[in-house]
Amino acid sequence: MQRRTLTALGFAAATLIGAATTLAATADAQPAAAALPSNWYASAPYLMPQSNNPPDPVTVMNATGQKAFQLAFILAPDGGGCSPTWDGKSPVPSDTAVAGVIDRIRGAGGDVSVSVGGYGGTKLGQTCGTADATAAAYQQVITKYGLKAIDFDLEEPEIENTAAIANELGAAKKLQADNPGLFLSITMPGISSGANWFGTQLIDTAKSIGLTPDNFSIMPFDGGFNGGSSQVSALEGLHGQLMSHMGWDSATAYAHEGFSGMNGKSDTSEYFQVADFQTVYDYATSHKLGRFTFWSVNRDRACSGTTDNAVCSNVPQNDWDFTKFSTRFAGATPPVSTPPTTPTTPTQPGSCTAAEWQKSAIYTGGNVVAHNGHKWTAKWWTQGEEPGTTGQWGVWTDNGAC
């Protein structure tokens, strides 16, 4: 899962670091922010603040209404050891660059969760000798940035290492105890049936040590998936696994279950369009899932002048279309772009009083348009979904011929 590439390390990171130049260069603990409601931490999309051409988070916030981001990734130092770094390179204790990004987000009314692990690099669970040592390393991150949420992204090869996973989960349990109210999520690879074999072993280990995270999420991509419906099937599989392995009833399992998707083209050339996110979003909200996130905000823009999958999605979209699903999942309404005021000529001239549907326009629930001689009413926020072409997941209600 090469979505975690650092190929653009430093490229355009100066934009964010420059925005933070007015901040004092200090390695002291950051003041804790006022906690957002937990639904914001559960909807925080991943953002790499130092690589993959990071966008200005405040620009994204203003355009989407999003308030929280999942900053990635905390790793062991590339040279080895049991101290936290960003991307294996920047030591957390002396960091000022990411601290500046966090202050910028908080200054705009938002907050962050931090993700530990990921696909690339060496994980602290692999290099720290015990669960307590692993927890101590992560506690430095929580204290430094005044965190209210943390994500354990446990993937290959670490997820296949029993000792490393014991360190990670033991650390997670200790962090919960030492930081009351900390929102803690665990993210795992996904396959068509839910979590893979190592993921189910991870769930069993969590139960055996008395760890109950706020959320278990799977990443249903890079595994032969084909659009939103296949991802929904995988999430249903995870639901069954949580019931059988954790001993939860159906509602409790859904409430502790999450989706961590990939927007656009995946590393294995699967394609997840805006419409696929709509499919999964509808499933997640109707079944009251506990988390909805994706990799990544860095990729949430159309490709222009490059097809680098680390910095753009390789699917048709407007900037931040996928982030708006996270905003909605948190219970907020994204800012609405005003639809064009000059409609095209209706299919049946003079018979439709509503404006003609426009592919580039943004519509919200209750908006009425004309298309192909019929009048349509939007059920919820939508953009680019043509009336009459989206089947059972259609956002448009057909009100009949004009």
# chains A, B, ... in the order shown; residues from 1 in each chain; ligands from 1
>>> closest_atom_pairs(of="stretch 276-308 of chain A", to="stretch 64-76 of chain A", cutoff="12 Å", atoms="only C-alpha atoms", output="Markdown table")
| residue | atom | partner | partner_atom | distance |
| --- | --- | --- | --- | --- |
| A:Phe292 | CA | A:Gln70 | CA | 11.6 |
| A:Thr293 | CA | A:Gln70 | CA | 8.8 |
| A:Phe294 | CA | A:Gln70 | CA | 9.5 |
| A:Trp295 | CA | A:Gln70 | CA | 9.5 |
| A:Ser296 | CA | A:Gln70 | CA | 9.2 |
| A:Val297 | CA | A:Phe69 | CA | 8.7 |
| A:Asn298 | CA | A:Leu71 | CA | 11.0 |
| A:Asp300 | CA | A:Thr64 | CA | 11.6 |
>>> residues_around(residues="A:Ile362", least_positions_apart="4", cutoff="12 Å", atoms="only C-alpha atoms", output="list of chain:residue names")
A:Gln317, A:Asn318, A:Asp321, A:Lys324, A:Pro334, A:Pro335, A:Val336, A:Ser337, A:Thr338, A:Pro339, A:Pro340, A:Trp357, A:Gln358, A:Asn367, A:Val368, A:Val369, A:Ala378, A:Trp380, A:Trp381, A:Thr382, A:Gln383, A:Gly384, A:Glu385, A:Glu386
>>> closest_atom_pairs(of="stretch 69-122 of chain A", to="stretch 133-153 of chain A", cutoff="9 Å", atoms="only C-alpha atoms", output="Markdown table")
| residue | atom | partner | partner_atom | distance |
| --- | --- | --- | --- | --- |
| A:Gln70 | CA | A:Asp151 | CA | 7.9 |
| A:Phe73 | CA | A:Asp153 | CA | 8.9 |
| A:Ile74 | CA | A:Val141 | CA | 8.5 |
| A:Cys82 | CA | A:Ala137 | CA | 6.7 |
| A:Ser83 | CA | A:Ala137 | CA | 5.5 |
| A:Pro84 | CA | A:Ala137 | CA | 5.8 |
| A:Val92 | CA | A:Val141 | CA | 6.8 |
| A:Pro93 | CA | A:Lys144 | CA | 7.2 |
| A:Ala99 | CA | A:Tyr145 | CA | 7.0 |
| A:Ile102 | CA | A:Tyr145 | CA | 7.9 |
| A:Asp111 | CA | A:Leu147 | CA | 8.5 |
| A:Val112 | CA | A:Leu147 | CA | 7.3 |
| A:Ser113 | CA | A:Ala149 | CA | 4.7 |
| A:Val114 | CA | A:Ile150 | CA | 5.0 |
| A:Ser115 | CA | A:Asp151 | CA | 4.5 |
| A:Val116 | CA | A:Phe152 | CA | 5.2 |
| A:Gly117 | CA | A:Asp153 | CA | 5.1 |
| A:Gly118 | CA | A:Asp153 | CA | 5.1 |
| A:Tyr119 | CA | A:Asp153 | CA | 8.1 |
>>> select_by_dssp(residues="stretch 257-324 of chain A", states="alpha helix (DSSP H)", output="MDAnalysis selection string")
chainID A and resid 274:286 323:324
>>> write_last_selection(atoms="N, CA and C atoms", output="short mmCIF file (atom, residue, chain, number, x, y, z; two decimals), in the first residue's frame")
data_model
loop_
_atom_site.label_atom_id
_atom_site.label_comp_id
_atom_site.auth_asym_id
_atom_site.auth_seq_id
_atom_site.Cartn_x
_atom_site.Cartn_y
_atom_site.Cartn_z
N VAL A 274 -16.08 10.02 -6.57
CA VAL A 274 -16.92 10.73 -5.60
C VAL A 274 -18.20 9.94 -5.34
N ALA A 275 -18.77 9.35 -6.39
CA ALA A 275 -20.00 8.57 -6.23
C ALA A 275 -19.78 7.35 -5.34
N ASP A 276 -18.59 6.74 -5.37
CA ASP A 276 -18.30 5.61 -4.50
C ASP A 276 -18.25 6.04 -3.04
N PHE A 277 -17.69 7.22 -2.80
CA PHE A 277 -17.68 7.74 -1.42
C PHE A 277 -19.12 8.00 -0.95
N GLN A 278 -19.96 8.45 -1.87
CA GLN A 278 -21.37 8.66 -1.51
C GLN A 278 -22.02 7.34 -1.10
N THR A 279 -21.72 6.27 -1.82
CA THR A 279 -22.27 4.95 -1.49
C THR A 279 -21.86 4.52 -0.09
N VAL A 280 -20.57 4.64 0.20
CA VAL A 280 -20.09 4.23 1.52
C VAL A 280 -20.59 5.17 2.61
N TYR A 281 -20.65 6.45 2.31
CA TYR A 281 -21.17 7.42 3.27
C TYR A 281 -22.62 7.09 3.65
N ASP A 282 -23.42 6.76 2.66
CA ASP A 282 -24.82 6.41 2.93
C ASP A 282 -24.90 5.18 3.83
N TYR A 283 -24.06 4.20 3.55
CA TYR A 283 -24.03 3.00 4.39
C TYR A 283 -23.57 3.35 5.80
N ALA A 284 -22.51 4.14 5.91
CA ALA A 284 -21.95 4.47 7.21
C ALA A 284 -22.94 5.24 8.08
N THR A 285 -23.63 6.18 7.48
CA THR A 285 -24.57 6.97 8.28
C THR A 285 -25.84 6.19 8.59
N SER A 286 -26.31 5.37 7.68
CA SER A 286 -27.54 4.62 7.94
C SER A 286 -27.33 3.52 8.96
N THR A 323 -13.11 15.54 1.01
CA THR A 323 -13.10 16.05 2.39
C THR A 323 -14.49 16.45 2.84
N LYS A 324 -15.31 16.90 1.92
CA LYS A 324 -16.66 17.33 2.30
C LYS A 324 -17.49 16.18 2.86
#
>>> residues_around(residues="A:Ala131", least_positions_apart="6", cutoff="10 Å", atoms="only C-alpha atoms", output="list of chain:residue names")
A:Leu124, A:Gly125, A:Ala137, A:Ala163, A:Ala164, A:Ile165, A:Ala166, A:Asn167, A:Glu168, A:Leu169, A:Gly170, A:Ala171, A:Ala172, A:Lys173, A:Lys174
>>> write_last_selection(atoms="N, CA and C atoms", output="PDB file, in the first residue's frame")
ATOM      1  N   LEU A 124       7.419   2.261  16.031  1.00  0.00           N
ATOM      2  CA  LEU A 124       7.932   2.239  17.398  1.00  0.00           C
ATOM      3  C   LEU A 124       7.643   0.914  18.095  1.00  0.00           C
ATOM      4  N   GLY A 125       6.543   0.260  17.728  1.00  0.00           N
ATOM      5  CA  GLY A 125       6.259  -1.048  18.298  1.00  0.00           C
ATOM      6  C   GLY A 125       7.303  -2.085  17.933  1.00  0.00           C
ATOM      7  N   ALA A 137       6.994   6.611  24.506  1.00  0.00           N
ATOM      8  CA  ALA A 137       7.331   7.343  23.282  1.00  0.00           C
ATOM      9  C   ALA A 137       6.109   8.089  22.741  1.00  0.00           C
ATOM     10  N   ALA A 163       5.080  -9.662  18.549  1.00  0.00           N
ATOM     11  CA  ALA A 163       5.670  -8.859  19.619  1.00  0.00           C
ATOM     12  C   ALA A 163       5.423  -7.372  19.399  1.00  0.00           C
ATOM     13  N   ALA A 164       5.540  -6.918  18.162  1.00  0.00           N
ATOM     14  CA  ALA A 164       5.317  -5.507  17.860  1.00  0.00           C
ATOM     15  C   ALA A 164       3.872  -5.112  18.130  1.00  0.00           C
ATOM     16  N   ILE A 165       2.928  -5.977  17.726  1.00  0.00           N
ATOM     17  CA  ILE A 165       1.515  -5.679  17.959  1.00  0.00           C
ATOM     18  C   ILE A 165       1.211  -5.688  19.449  1.00  0.00           C
ATOM     19  N   ALA A 166       1.831  -6.578  20.207  1.00  0.00           N
ATOM     20  CA  ALA A 166       1.643  -6.582  21.666  1.00  0.00           C
ATOM     21  C   ALA A 166       2.132  -5.261  22.262  1.00  0.00           C
ATOM     22  N   ASN A 167       3.246  -4.747  21.745  1.00  0.00           N
ATOM     23  CA  ASN A 167       3.742  -3.454  22.219  1.00  0.00           C
ATOM     24  C   ASN A 167       2.779  -2.325  21.877  1.00  0.00           C
ATOM     25  N   GLU A 168       2.274  -2.337  20.648  1.00  0.00           N
ATOM     26  CA  GLU A 168       1.368  -1.262  20.209  1.00  0.00           C
ATOM     27  C   GLU A 168       0.064  -1.280  21.010  1.00  0.00           C
ATOM     28  N   LEU A 169      -0.555  -2.447  21.124  1.00  0.00           N
ATOM     29  CA  LEU A 169      -1.840  -2.524  21.817  1.00  0.00           C
ATOM     30  C   LEU A 169      -1.675  -2.312  23.319  1.00  0.00           C
ATOM     31  N   GLY A 170      -0.589  -2.815  23.877  1.00  0.00           N
ATOM     32  CA  GLY A 170      -0.320  -2.541  25.283  1.00  0.00           C
ATOM     33  C   GLY A 170      -0.109  -1.059  25.527  1.00  0.00           C
ATOM     34  N   ALA A 171       0.579  -0.404  24.603  1.00  0.00           N
ATOM     35  CA  ALA A 171       0.765   1.040  24.706  1.00  0.00           C
ATOM     36  C   ALA A 171      -0.565   1.772  24.595  1.00  0.00           C
ATOM     37  N   ALA A 172      -1.416   1.328  23.677  1.00  0.00           N
ATOM     38  CA  ALA A 172      -2.727   1.959  23.511  1.00  0.00           C
ATOM     39  C   ALA A 172      -3.537   1.887  24.797  1.00  0.00           C
ATOM     40  N   LYS A 173      -3.514   0.725  25.448  1.00  0.00           N
ATOM     41  CA  LYS A 173      -4.260   0.576  26.697  1.00  0.00           C
ATOM     42  C   LYS A 173      -3.723   1.519  27.771  1.00  0.00           C
ATOM     43  N   LYS A 174      -2.400   1.622  27.880  1.00  0.00           N
ATOM     44  CA  LYS A 174      -1.808   2.504  28.879  1.00  0.00           C
ATOM     45  C   LYS A 174      -2.132   3.968  28.577  1.00  0.00           C
TER      46      LYS A 174
END
>>> residues_around(residues="A:Ala108", least_positions_apart="4", cutoff="9 Å", atoms="only C-alpha atoms", output="number ranges by chain")
A: 58, 61-62, 67, 103-104
>>> write_last_selection(atoms="N, CA, C and O atoms", output="JSON list (two decimals), in the first residue's frame")
[["chain", "number", "residue", "atom", "x", "y", "z"],
["A", 58, "VAL", "N", -5.91, 25.52, 6.56],
["A", 58, "VAL", "CA", -6.95, 26.53, 6.77],
["A", 58, "VAL", "C", -7.72, 26.79, 5.48],
["A", 58, "VAL", "O", -8.94, 27.02, 5.50],
["A", 61, "MET", "N", -10.13, 24.01, 5.39],
["A", 61, "MET", "CA", -11.18, 24.25, 6.39],
["A", 61, "MET", "C", -12.21, 25.25, 5.89],
["A", 61, "MET", "O", -13.42, 25.05, 6.03],
["A", 62, "ASN", "N", -11.73, 26.34, 5.31],
["A", 62, "ASN", "CA", -12.64, 27.38, 4.84],
["A", 62, "ASN", "C", -13.50, 26.90, 3.68],
["A", 62, "ASN", "O", -14.66, 27.30, 3.53],
["A", 67, "LYS", "N", -13.10, 20.48, 10.45],
["A", 67, "LYS", "CA", -12.47, 21.05, 11.63],
["A", 67, "LYS", "C", -11.30, 20.22, 12.16],
["A", 67, "LYS", "O", -10.53, 20.71, 12.99],
["A", 103, "ASP", "N", -0.93, 24.66, 15.38],
["A", 103, "ASP", "CA", -1.40, 25.95, 15.91],
["A", 103, "ASP", "C", -2.25, 26.69, 14.88],
["A", 103, "ASP", "O", -3.22, 27.37, 15.23],
["A", 104, "ARG", "N", -1.88, 26.56, 13.63],
["A", 104, "ARG", "CA", -2.66, 27.21, 12.57],
["A", 104, "ARG", "C", -4.05, 26.62, 12.48],
["A", 104, "ARG", "O", -5.05, 27.34, 12.34]]
>>> residues_around(residues="A:Gly81", least_positions_apart="3", cutoff="8 Å", atoms="only C-alpha atoms", output="PyMOL selection string")
chain A and resi 76-77+127-128
>>> select_by_dssp(residues="stretch 102-298 of chain A", states="strand (DSSP E or B)", output="PyMOL selection string")
chain A and resi 111-118+149-154+183-191+194-195+215-219+257-262+264-265+271-272+291-295
>>> atom_distance(atom1="atom CA of A:Ile218", atom2="atom CA of A:Gln126")
21.3 Å
>>> residues_around(residues="stretch 251-267 of chain A", least_positions_apart="6", cutoff="7 Å", atoms="only C-alpha atoms", output="JSON, numbers by chain")
{"A": [1, 2, 3, 214, 215, 216, 217, 218, 219, 220, 221, 222, 239, 242, 243, 273, 287, 288, 289, 290, 291, 292, 293, 294, 295, 296, 313, 314, 315, 322]}
>>> atom_distance(atom1="atom CA of A:Thr200", atom2="atom CA of A:Gln241")
7.4 Å
